[in-house]
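Engineer: Below is the file final-v1.csv, with CSV, C-alpha atoms and all ligand atoms.
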chain,number,residue,atom,x,y,z
A,1,MET,CA,10.5,-12.2,-30.7
A,2,GLU,CA,13.3,-14.4,-31.7
A,3,LYS,CA,15.7,-14.2,-28.7
A,4,ASP,CA,17.4,-17.5,-29.0
A,5,ILE,CA,18.8,-17.6,-32.5
A,6,PRO,CA,22.2,-19.2,-32.0
A,7,VAL,CA,25.3,-17.1,-32.5
A,8,ALA,CA,26.7,-17.8,-35.9
A,9,GLU,CA,29.9,-19.8,-36.3
A,10,GLU,CA,32.1,-17.3,-38.0
A,11,ILE,CA,35.6,-16.2,-38.5
A,12,ASN,CA,37.0,-13.5,-36.3
A,13,GLN,CA,37.7,-11.1,-39.2
A,14,SER,CA,39.8,-8.7,-37.1
A,15,GLU,CA,42.2,-11.6,-36.3
A,16,ALA,CA,42.1,-13.1,-39.8
A,17,LEU,CA,42.7,-9.8,-41.6
A,18,TYR,CA,45.1,-8.2,-39.2
A,19,PRO,CA,46.8,-11.0,-37.3
A,20,ASP,CA,49.8,-8.9,-36.2
A,21,LEU,CA,47.8,-6.1,-34.9
A,22,PHE,CA,45.3,-8.4,-33.3
A,23,ARG,CA,48.0,-10.3,-31.4
A,24,ARG,CA,49.2,-7.0,-29.9
A,25,ILE,CA,45.9,-6.6,-28.1
A,26,ASP,CA,45.9,-7.9,-24.5
A,27,PRO,CA,42.4,-9.4,-24.1
A,28,ALA,CA,42.5,-8.7,-20.4
A,29,ALA,CA,42.9,-5.0,-20.9
A,30,VAL,CA,40.4,-4.3,-23.6
A,31,PRO,CA,38.4,-1.1,-22.9
A,32,ALA,CA,35.0,-2.0,-21.6
A,33,HIS,CA,33.3,1.0,-23.1
A,34,VAL,CA,34.5,2.8,-26.2
A,35,GLY,CA,32.8,6.0,-27.4
A,36,VAL,CA,33.3,7.3,-31.0
A,37,ILE,CA,32.8,10.7,-32.4
A,38,MET,CA,32.3,9.9,-36.1
A,39,ASP,CA,33.6,13.0,-37.8
A,40,GLY,CA,34.7,13.9,-41.3
A,41,ASN,CA,32.0,12.4,-43.6
A,42,GLY,CA,31.4,15.8,-45.3
A,43,ARG,CA,35.1,16.5,-45.9
A,44,TRP,CA,35.6,12.9,-47.2
A,45,ALA,CA,32.8,13.5,-49.7
A,46,ASN,CA,34.0,17.1,-50.6
A,47,ARG,CA,37.4,15.8,-51.5
A,48,ARG,CA,35.9,13.5,-54.0
A,49,ALA,CA,33.4,16.1,-55.3
A,50,PHE,CA,30.6,13.9,-54.0
A,51,PRO,CA,27.5,15.2,-52.2
A,52,ARG,CA,27.8,15.2,-48.4
A,53,ILE,CA,25.3,12.4,-48.0
A,54,ARG,CA,27.6,10.0,-49.9
A,55,GLY,CA,30.1,10.6,-47.1
A,56,HIS,CA,27.4,9.6,-44.5
A,57,ARG,CA,26.5,6.6,-46.6
A,58,GLU,CA,30.1,5.5,-46.7
A,59,GLY,CA,30.3,6.2,-43.0
A,60,VAL,CA,27.7,3.5,-42.4
A,61,HIS,CA,30.2,0.9,-43.7
A,62,SER,CA,32.6,2.2,-41.1
A,63,VAL,CA,29.9,1.7,-38.5
A,64,ASP,CA,29.5,-1.9,-39.6
A,65,GLU,CA,33.3,-2.5,-39.4
A,66,VAL,CA,33.7,-0.9,-36.0
A,67,VAL,CA,30.7,-2.7,-34.5
A,68,ALA,CA,32.1,-6.0,-35.7
A,69,SER,CA,35.6,-5.2,-34.6
A,70,ALA,CA,34.5,-4.1,-31.2
A,71,ARG,CA,32.7,-7.4,-30.7
A,72,GLU,CA,35.6,-9.4,-32.0
A,73,VAL,CA,38.1,-7.8,-29.5
A,74,GLY,CA,35.7,-8.0,-26.6
A,75,VAL,CA,34.5,-4.4,-26.0
A,76,ARG,CA,31.3,-4.6,-23.9
A,77,VAL,CA,29.8,-1.2,-24.8
A,78,LEU,CA,30.2,0.9,-28.0
A,79,THR,CA,28.6,4.3,-28.0
A,80,LEU,CA,28.5,6.0,-31.4
A,81,TYR,CA,27.8,9.8,-31.6
A,82,ALA,CA,25.4,9.6,-34.6
A,83,PHE,CA,23.4,12.8,-34.3
A,84,SER,CA,24.0,15.7,-31.8
A,85,MET,CA,21.6,18.3,-30.6
A,86,GLU,CA,23.6,20.8,-32.6
A,87,ASN,CA,23.1,18.7,-35.8
A,88,TRP,CA,19.5,19.8,-35.9
A,89,ARG,CA,20.9,23.1,-37.3
A,90,ARG,CA,22.0,21.4,-40.5
A,91,PRO,CA,20.1,21.8,-43.8
A,92,LYS,CA,16.8,20.0,-43.7
A,93,MET,CA,17.7,17.8,-46.6
A,94,GLU,CA,20.8,16.5,-44.8
A,95,ILE,CA,18.9,15.8,-41.6
A,96,GLN,CA,16.3,13.9,-43.6
A,97,ALA,CA,18.9,11.9,-45.4
A,98,LEU,CA,20.6,11.1,-42.0
A,99,MET,CA,17.3,9.9,-40.5
A,100,SER,CA,16.7,7.8,-43.6
A,101,LEU,CA,20.1,6.2,-43.4
A,102,LEU,CA,19.5,5.5,-39.7
A,103,ARG,CA,16.2,3.7,-40.5
A,104,GLU,CA,17.8,1.8,-43.3
A,105,TYR,CA,20.6,0.8,-40.9
A,106,ILE,CA,18.2,-0.5,-38.3
A,107,VAL,CA,16.1,-2.5,-40.8
A,108,LYS,CA,19.2,-4.1,-42.3
A,109,LYS,CA,21.1,-4.7,-39.1
A,110,LEU,CA,18.4,-5.9,-36.8
A,111,PRO,CA,18.8,-9.5,-38.0
A,112,VAL,CA,22.6,-9.2,-37.5
A,113,MET,CA,22.0,-8.0,-33.9
A,114,HIS,CA,19.8,-11.1,-33.3
A,115,GLN,CA,22.5,-13.3,-34.8
A,116,HIS,CA,25.3,-11.9,-32.6
A,117,GLY,CA,23.3,-11.2,-29.5
A,118,ILE,CA,24.0,-7.4,-29.8
A,119,ARG,CA,21.9,-5.3,-27.5
A,120,PHE,CA,20.8,-2.1,-29.2
A,121,ARG,CA,20.2,1.1,-27.3
A,122,THR,CA,20.0,4.8,-27.8
A,123,ILE,CA,20.8,7.8,-25.6
A,124,GLY,CA,19.6,11.3,-26.1
A,125,ARG,CA,16.3,13.1,-26.4
A,126,ALA,CA,14.6,10.4,-28.6
A,127,GLY,CA,11.4,12.4,-28.5
A,128,ASP,CA,13.0,14.9,-30.9
A,129,LEU,CA,13.3,12.3,-33.7
A,130,PRO,CA,10.7,11.7,-36.4
A,131,LEU,CA,8.0,9.2,-35.3
A,132,ASN,CA,8.8,6.6,-37.9
A,133,THR,CA,12.5,6.6,-36.8
A,134,ARG,CA,11.5,6.5,-33.1
A,135,LYS,CA,9.3,3.5,-33.7
A,136,LEU,CA,12.0,1.5,-35.4
A,137,LEU,CA,14.6,2.4,-32.7
A,138,ARG,CA,12.1,1.3,-30.0
A,139,LYS,CA,11.5,-2.0,-31.9
A,140,ALA,CA,15.2,-2.7,-32.1
A,141,GLU,CA,15.7,-1.8,-28.4
A,142,GLN,CA,12.8,-4.0,-27.3
A,143,GLU,CA,13.8,-7.0,-29.4
A,144,THR,CA,17.4,-7.0,-28.3
A,145,ALA,CA,16.9,-6.0,-24.7
A,146,ALA,CA,17.6,-9.5,-23.3
A,147,TYR,CA,20.9,-10.0,-25.1
A,148,ASP,CA,24.2,-9.9,-23.2
A,149,GLY,CA,26.7,-9.4,-26.1
A,150,LEU,CA,28.0,-6.1,-27.2
A,151,VAL,CA,25.9,-3.1,-26.2
A,152,LEU,CA,25.6,-0.9,-29.3
A,153,ASN,CA,24.5,2.5,-28.0
A,154,LEU,CA,23.6,5.2,-30.5
A,155,ALA,CA,23.7,8.8,-29.3
A,156,LEU,CA,20.9,10.5,-31.1
A,157,SER,CA,19.7,14.0,-30.6
A,158,TYR,CA,22.3,13.8,-27.9
A,159,GLY,CA,24.1,16.6,-26.0
A,160,GLY,CA,26.2,16.2,-22.9
A,161,ARG,CA,25.0,19.4,-21.3
A,162,THR,CA,21.4,18.5,-22.1
A,163,GLU,CA,21.9,15.2,-20.4
A,164,ILE,CA,23.2,16.8,-17.3
A,165,VAL,CA,20.3,19.2,-17.3
A,166,ASP,CA,17.9,16.3,-17.6
A,167,ALA,CA,19.6,14.5,-14.7
A,168,VAL,CA,19.5,17.6,-12.5
A,169,ARG,CA,15.8,18.2,-13.4
A,170,SER,CA,14.9,14.7,-12.2
A,171,LEU,CA,16.8,15.2,-9.0
A,172,VAL,CA,15.1,18.6,-8.4
A,173,GLN,CA,11.8,16.9,-9.0
A,174,ASP,CA,12.6,14.3,-6.4
A,175,ALA,CA,13.6,17.0,-4.0
A,176,ALA,CA,10.4,18.9,-4.6
A,177,ASP,CA,8.4,15.7,-3.9
A,178,GLY,CA,10.3,15.3,-0.6
A,179,LYS,CA,12.1,12.1,-1.7
A,180,ILE,CA,15.6,13.4,-1.4
A,181,GLY,CA,17.5,16.1,0.5
A,182,PRO,CA,20.6,18.1,-0.5
A,183,GLU,CA,22.9,15.9,1.5
A,184,GLN,CA,21.9,12.9,-0.5
A,185,VAL,CA,23.0,14.5,-3.8
A,186,ASP,CA,26.4,13.1,-4.7
A,187,GLU,CA,28.3,11.9,-7.8
A,188,ALA,CA,26.8,8.4,-7.6
A,189,LEU,CA,23.3,9.8,-7.5
A,190,LEU,CA,23.9,12.1,-10.4
A,191,SER,CA,25.5,9.3,-12.4
A,192,ALA,CA,22.5,7.2,-11.8
A,193,ARG,CA,20.3,9.8,-13.5
A,194,MET,CA,22.4,10.0,-16.6
A,195,TYR,CA,21.3,8.3,-19.8
A,196,THR,CA,24.2,5.9,-19.3
A,197,ALA,CA,23.3,5.0,-15.7
A,198,ASP,CA,23.7,1.2,-16.2
A,199,VAL,CA,26.9,1.1,-18.3
A,200,PRO,CA,30.4,1.9,-17.1
A,201,ASP,CA,32.0,5.3,-18.0
A,202,PRO,CA,33.9,5.2,-21.3
A,203,ASP,CA,37.5,4.1,-21.0
A,204,LEU,CA,38.3,5.4,-24.5
A,205,ILE,CA,36.8,8.0,-26.8
A,206,ILE,CA,38.0,8.1,-30.4
A,207,ARG,CA,37.5,11.1,-32.6
A,208,THR,CA,38.2,11.0,-36.3
A,209,SER,CA,38.9,13.7,-38.8
A,210,GLY,CA,41.7,15.6,-37.0
A,211,GLU,CA,39.6,17.7,-34.7
A,212,HIS,CA,40.8,17.9,-31.1
A,213,ARG,CA,37.7,18.4,-29.1
A,214,THR,CA,34.9,16.3,-27.6
A,215,SER,CA,31.9,18.4,-28.8
A,216,ASN,CA,29.5,17.9,-26.0
A,217,PHE,CA,29.9,14.1,-26.1
A,218,LEU,CA,29.6,12.2,-22.8
A,219,LEU,CA,30.7,15.2,-20.8
A,220,TRP,CA,29.9,13.9,-17.3
A,221,GLN,CA,31.1,10.4,-18.1
A,222,SER,CA,34.4,11.3,-19.7
A,223,ALA,CA,36.1,12.7,-16.6
A,224,TYR,CA,38.9,10.0,-16.7
A,225,THR,CA,38.5,8.8,-20.3
A,226,GLU,CA,41.5,8.3,-22.5
A,227,LEU,CA,41.1,10.4,-25.7
A,228,TYR,CA,42.3,9.2,-29.1
A,229,PHE,CA,42.4,11.6,-32.0
A,230,THR,CA,43.2,10.5,-35.5
A,231,PRO,CA,43.3,12.6,-38.8
A,232,THR,CA,41.5,9.8,-40.6
A,233,PHE,CA,38.0,10.8,-41.8
A,234,TRP,CA,35.2,8.6,-40.5
A,235,PRO,CA,34.5,6.9,-43.9
A,236,ASP,CA,38.1,5.7,-43.9
A,237,PHE,CA,38.1,4.5,-40.3
A,238,LYS,CA,37.6,0.7,-40.6
A,239,ARG,CA,38.7,-2.4,-38.7
A,240,ARG,CA,42.4,-1.8,-38.9
A,241,GLU,CA,42.1,1.8,-37.6
A,242,PHE,CA,39.9,0.6,-34.7
A,243,LEU,CA,42.4,-2.1,-33.8
A,244,GLU,CA,45.2,0.5,-33.9
A,245,ALA,CA,43.2,2.7,-31.5
A,246,ILE,CA,42.8,-0.2,-29.1
A,247,VAL,CA,46.6,-0.9,-29.2
A,248,ASP,CA,47.3,2.8,-28.6
A,249,PHE,CA,44.9,2.8,-25.6
A,250,GLN,CA,46.6,-0.3,-24.1
A,251,GLY,CA,50.0,1.5,-24.2
A,252,ARG,CA,48.7,4.3,-21.9
A,253,GLU,CA,49.0,4.4,-18.1
A,254,ARG,CA,45.7,5.4,-16.5
A,255,ARG,CA,46.5,6.9,-13.1
A,256,PHE,CA,43.1,8.3,-12.0
A,257,GLY,CA,45.0,10.9,-9.9
A,258,LEU,CA,47.4,8.5,-8.3
A,259,THR,CA,51.2,8.6,-8.7
A,260,GLY,CA,52.9,6.0,-10.9
A,261,LYS,CA,54.5,4.5,-7.8
A,262,GLN,CA,51.2,4.1,-6.1
A,263,LEU,CA,49.9,2.2,-9.1
A,264,LYS,CA,53.0,0.0,-9.5
A,265,PRO,CA,54.9,-0.1,-6.1
A,266,SER,CA,57.7,-2.3,-7.6
A,267,ARG,CA,58.9,0.7,-9.7
A,301,LIG,C1,30.0,13.9,-38.8
A,301,LIG,O1,30.5,14.2,-40.1
A,301,LIG,C2,29.0,12.9,-38.9
A,301,LIG,C3,27.7,13.0,-38.6
A,301,LIG,C4,27.0,14.3,-38.2
A,301,LIG,C5,26.7,11.9,-38.8
A,301,LIG,C6,27.3,10.5,-38.5
A,301,LIG,C7,26.4,9.6,-39.2
A,301,LIG,C8,26.8,8.4,-39.8
A,301,LIG,C9,28.2,7.9,-39.8
A,301,LIG,C10,25.8,7.7,-40.6
A,301,LIG,C11,24.6,7.2,-39.9
A,301,LIG,C12,24.9,6.5,-38.7
A,301,LIG,C13,24.3,5.3,-38.4
A,301,LIG,C14,24.6,4.7,-37.1
A,301,LIG,C15,23.5,4.5,-39.3
A,301,LIG,P1,30.3,15.6,-40.7
A,301,LIG,O2,29.2,15.6,-41.6
A,301,LIG,O3,30.3,16.7,-39.6
A,301,LIG,O4,31.7,15.8,-41.5
A,301,LIG,P2,32.5,17.2,-41.8
A,301,LIG,O5,32.9,17.7,-40.4
A,301,LIG,O6,33.6,16.7,-42.6
A,301,LIG,O7,31.5,18.1,-42.5
Written as structure tokens, how would this file's structure read?
Structural biologist:
Amino acid sequence: MEKDIPVAEEINQSEALYPDLFRRIDPAAVPAHVGVIMDGNGRWANRRAFPRIRGHREGVHSVDEVVASAREVGVRVLTLYAFSMENWRRPKMEIQALMSLLREYIVKKLPVMHQHGIRFRTIGRAGDLPLNTRKLLRKAEQETAAYDGLVLNLALSYGGRTEIVDAVRSLVQDAADGKIGPEQVDEALLSARMYTADVPDPDLIIRTSGEHRTSNFLLWQSAYTELYFTPTFWPDFKRREFLEAIVDFQGRERRFGLTGKQLKPSR
């Protein structure tokens, strides 16, 4: 395993391409964890009379740009909703094409992850995925496990309710084994059983394509998350659009149930 390839000297493309936008970002207030619901690939393709898979393929370029941009602005964890539990109901051909795109992505991008110290992870019921896909994902997770750069987290065969069910199951098992009692079950314990146990809750969730819902994504973790909805279809969501979302996030006041005066007593 090549864990110590030096990080490449390279230009910060976000800053070079969009200096004005980049300068508006306060490095001290960058969201630590950003989740993205990548939606609109099919509609993007339909509008161009392309097959749906062409939209997914173009969507992979957006994944590239958003991963790079997140790293360039200092996001610590990026969770991309790449395949939901509900997506299994899509036509078989589309599912196969998505799995094949995913494998192609891992094969192509693993060297880039090494180069930039990106830690690759997945959340979801990985056991549902085809064996060849699972093997590749595991390889990428193992090879990048020691890196401390951006955590790139792909939600695959993921559902927020299923995640909560899995967490509750593991607690009930512990209770049945006499390891815990009801009084020990609290929010912290449940959080610790989620797939995201060792990463902070998302500060920001972006959804593209003009839909205003979160579709079973990070249900438990998004209790206090800022939501950003944009009409842009995912294949058109690139560096600039990501930077715009970060600027928008930084203009918000997160009160976590407190009053504005409690947060800033000088008001
Ligand atoms: C939603 O668009 C998108 C998906 C279900 C898949 C997202 C997958 C990718 C961006 C490509 C593969 C990802 C990686 C990480 C390699 P939709 O098809 O629901 O669009 P529609 O609502 O317009 O039909």
Engineer: Contacts between ligand LIG 301 (chain A) and chain A, please, where a residue of chain A counts if it comes within 7 Å (with all atoms listed in the file); show its shortest atom pair and distance in Å to one decimal, rows by chain and ascending number, as a Markdown table.
Structural biologist:
| residue | atom | partner | partner_atom | distance |
| --- | --- | --- | --- | --- |
| A:Met38 | CA | A:LIG301 | C2 | 5.3 |
| A:Asp39 | CA | A:LIG301 | C1 | 3.8 |
| A:Gly40 | CA | A:LIG301 | O6 | 3.3 |
| A:Asn41 | CA | A:LIG301 | O4 | 4.0 |
| A:Gly42 | CA | A:LIG301 | O6 | 3.6 |
| A:Arg43 | CA | A:LIG301 | O6 | 3.6 |
| A:Trp44 | CA | A:LIG301 | O6 | 6.3 |
| A:Arg52 | CA | A:LIG301 | O2 | 7.0 |
| A:His56 | CA | A:LIG301 | C10 | 4.6 |
| A:Arg57 | CA | A:LIG301 | C10 | 6.1 |
| A:Gly59 | CA | A:LIG301 | C9 | 4.2 |
| A:Val60 | CA | A:LIG301 | C10 | 4.9 |
| A:Val63 | CA | A:LIG301 | C14 | 6.2 |
| A:Tyr81 | CA | A:LIG301 | C6 | 7.0 |
| A:Ala82 | CA | A:LIG301 | C6 | 4.4 |
| A:Phe83 | CA | A:LIG301 | C4 | 5.5 |
| A:Asn87 | CA | A:LIG301 | C4 | 6.4 |
| A:Leu98 | CA | A:LIG301 | C11 | 6.0 |
| A:Leu101 | CA | A:LIG301 | C15 | 5.6 |
| A:Leu102 | CA | A:LIG301 | C15 | 4.1 |
| A:Tyr105 | CA | A:LIG301 | C15 | 5.0 |
| A:Leu154 | CA | A:LIG301 | C14 | 6.7 |
Engineer: Can you tell me which residues surround Arg254 of chain A at a distance of at most 10 Å, considering all atoms listed in the file, apart from same-chain residues fewer than 2 positions away, and format the answer as a PyMOL selection string?
Structural biologist: chain A and resi 203+224-226+249-252+256-258+260+263
Engineer: Of the residues A:Asp166, A:Glu183, A:Glu58, A:Glu72, which is the one nearest to Phe22 of chain A, using only C-alpha atoms?
Structural biologist: A:Glu72
Engineer: For a quick check of your reading of the model, name the residues lying within 6 Å of the coordinate (27.6, -2.2, -19.5), counting all atoms listed in the file, and write them as a list in words.
Structural biologist: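 The distance filter leaves exactly Val77, Val199 and Pro200 of chain A.
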Engineer: Nearest to Ser222 of chain A among A:Ala197, A:Val172, A:Gly160, A:Phe120, with distances taken over only C-alpha atoms: which residue is it?
Structural biologist: A:Gly160
Engineer: Can you tell me, as a PyMOL selection string, what residues are no more than 12 Å from Ile205 of chain A when counting only C-alpha atoms, ignoring any on the same chain fewer than 2 positions away?
Structural biologist: chain A and resi 31-38+77-81+201-203+207-208+212-215+217-219+221-230+242+245-246+248-249
Engineer: Restricting the calculation to only C-alpha atoms: of A:Tyr195, A:Val165, A:Leu156, A:Glu141, which residue gets closest to Glu86 of chain A?
Structural biologist: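 Going through A:Tyr195, A:Val165, A:Leu156, A:Glu141 one by one, the smallest distance to Glu86 of chain A is for A:Leu156.
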Engineer: Grab the atom CA of Gly74 of chain A to atom CA of Val30 of chain A distance for me, in Å with one decimal place.
Structural biologist: 6.7 Å
Engineer: Closest to Glu65 of chain A among A:Ser14, A:Ala97, A:Asp148, A:Glu211, using all atoms listed in the file?
Structural biologist: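 Smallest separation from Glu65 of chain A among the options: A:Ser14.
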Engineer: By how many Å are atom CA of Arg138 of chain A and atom CA of Arg121 of chain A apart?
Structural biologist: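 We find that atom CA of Arg138 of chain A and atom CA of Arg121 of chain A lie 8.5 Å from each other.
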Engineer: Please report the interatomic distance between atom CA of Gly55 of chain A and atom CA of Pro235 of chain A in Å with one decimal.
Structural biologist: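 Interatomic distance, atom CA of Gly55 of chain A to atom CA of Pro235 of chain A: 6.6 Å.
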Engineer: For Trp234 of chain A, which residue out of A:Asn46, A:Asn153, A:Asn12, A:Ser62 is the nearest one, using all atoms listed in the file?
Structural biologist: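 Smallest separation from Trp234 of chain A among the options: A:Ser62.
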Engineer: Ranking A:Ala155, A:Val247, A:Pro231, A:Leu171 by minimum distance to Ala29 of chain A and counting all atoms listed in the file, which one comes first?
Structural biologist: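 That would be A:Val247, the residue with the smallest distance to Ala29 of chain A.
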Engineer: Could you pull out every residue with an atom within 10 Å of (11.1, 12.3, -38.7), file coordinates, counting all atoms listed in the file, and send them as a list in words?
Structural biologist: Ile95, Gln96, Met99, Ser100, Asp128, Leu129, Pro130, Leu131, Asn132, Thr133 and Arg134 of chain A
Engineer: For the residues in that selection, give me C-alpha atoms as a JSON list (two decimals), keeping the file's coordinate frame.
Structural biologist:
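out_2.json, freshly written:
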[["chain", "number", "residue", "atom", "x", "y", "z"],
["A", 95, "ILE", "CA", 18.90, 15.80, -41.60],
["A", 96, "GLN", "CA", 16.30, 13.90, -43.60],
["A", 99, "MET", "CA", 17.30, 9.90, -40.50],
["A", 100, "SER", "CA", 16.70, 7.80, -43.60],
["A", 128, "ASP", "CA", 13.00, 14.90, -30.90],
["A", 129, "LEU", "CA", 13.30, 12.30, -33.70],
["A", 130, "PRO", "CA", 10.70, 11.70, -36.40],
["A", 131, "LEU", "CA", 8.00, 9.20, -35.30],
["A", 132, "ASN", "CA", 8.80, 6.60, -37.90],
["A", 133, "THR", "CA", 12.50, 6.60, -36.80],
["A", 134, "ARG", "CA", 11.50, 6.50, -33.10]]
Engineer: Neighbours of Tyr18 of chain A within 10 Å (only C-alpha atoms; same-chain residues fewer than 6 positions away dropped), as a short mmCIF file (atom, residue, chain, number, x, y, z; two decimals) with C-alpha atoms, in the coordinates of the input?
Structural biologist:
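Okay, this is what ended up in part_3.cif:
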data_model
loop_
_atom_site.label_atom_id
_atom_site.label_comp_id
_atom_site.auth_asym_id
_atom_site.auth_seq_id
_atom_site.Cartn_x
_atom_site.Cartn_y
_atom_site.Cartn_z
CA ARG A 239 38.70 -2.40 -38.70
CA ARG A 240 42.40 -1.80 -38.90
CA LEU A 243 42.40 -2.10 -33.80
#
Engineer: Report as a list in words all protein, DNA and RNA residues lying within 10 Å of Gln184 of chain A, evaluated on all atoms listed in the file, omitting residues in the same chain fewer than 5 positions from it.
Structural biologist: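 Near Gln184 of chain A, the qualifying residues are Ala175, Lys179 and Leu189 of chain A.
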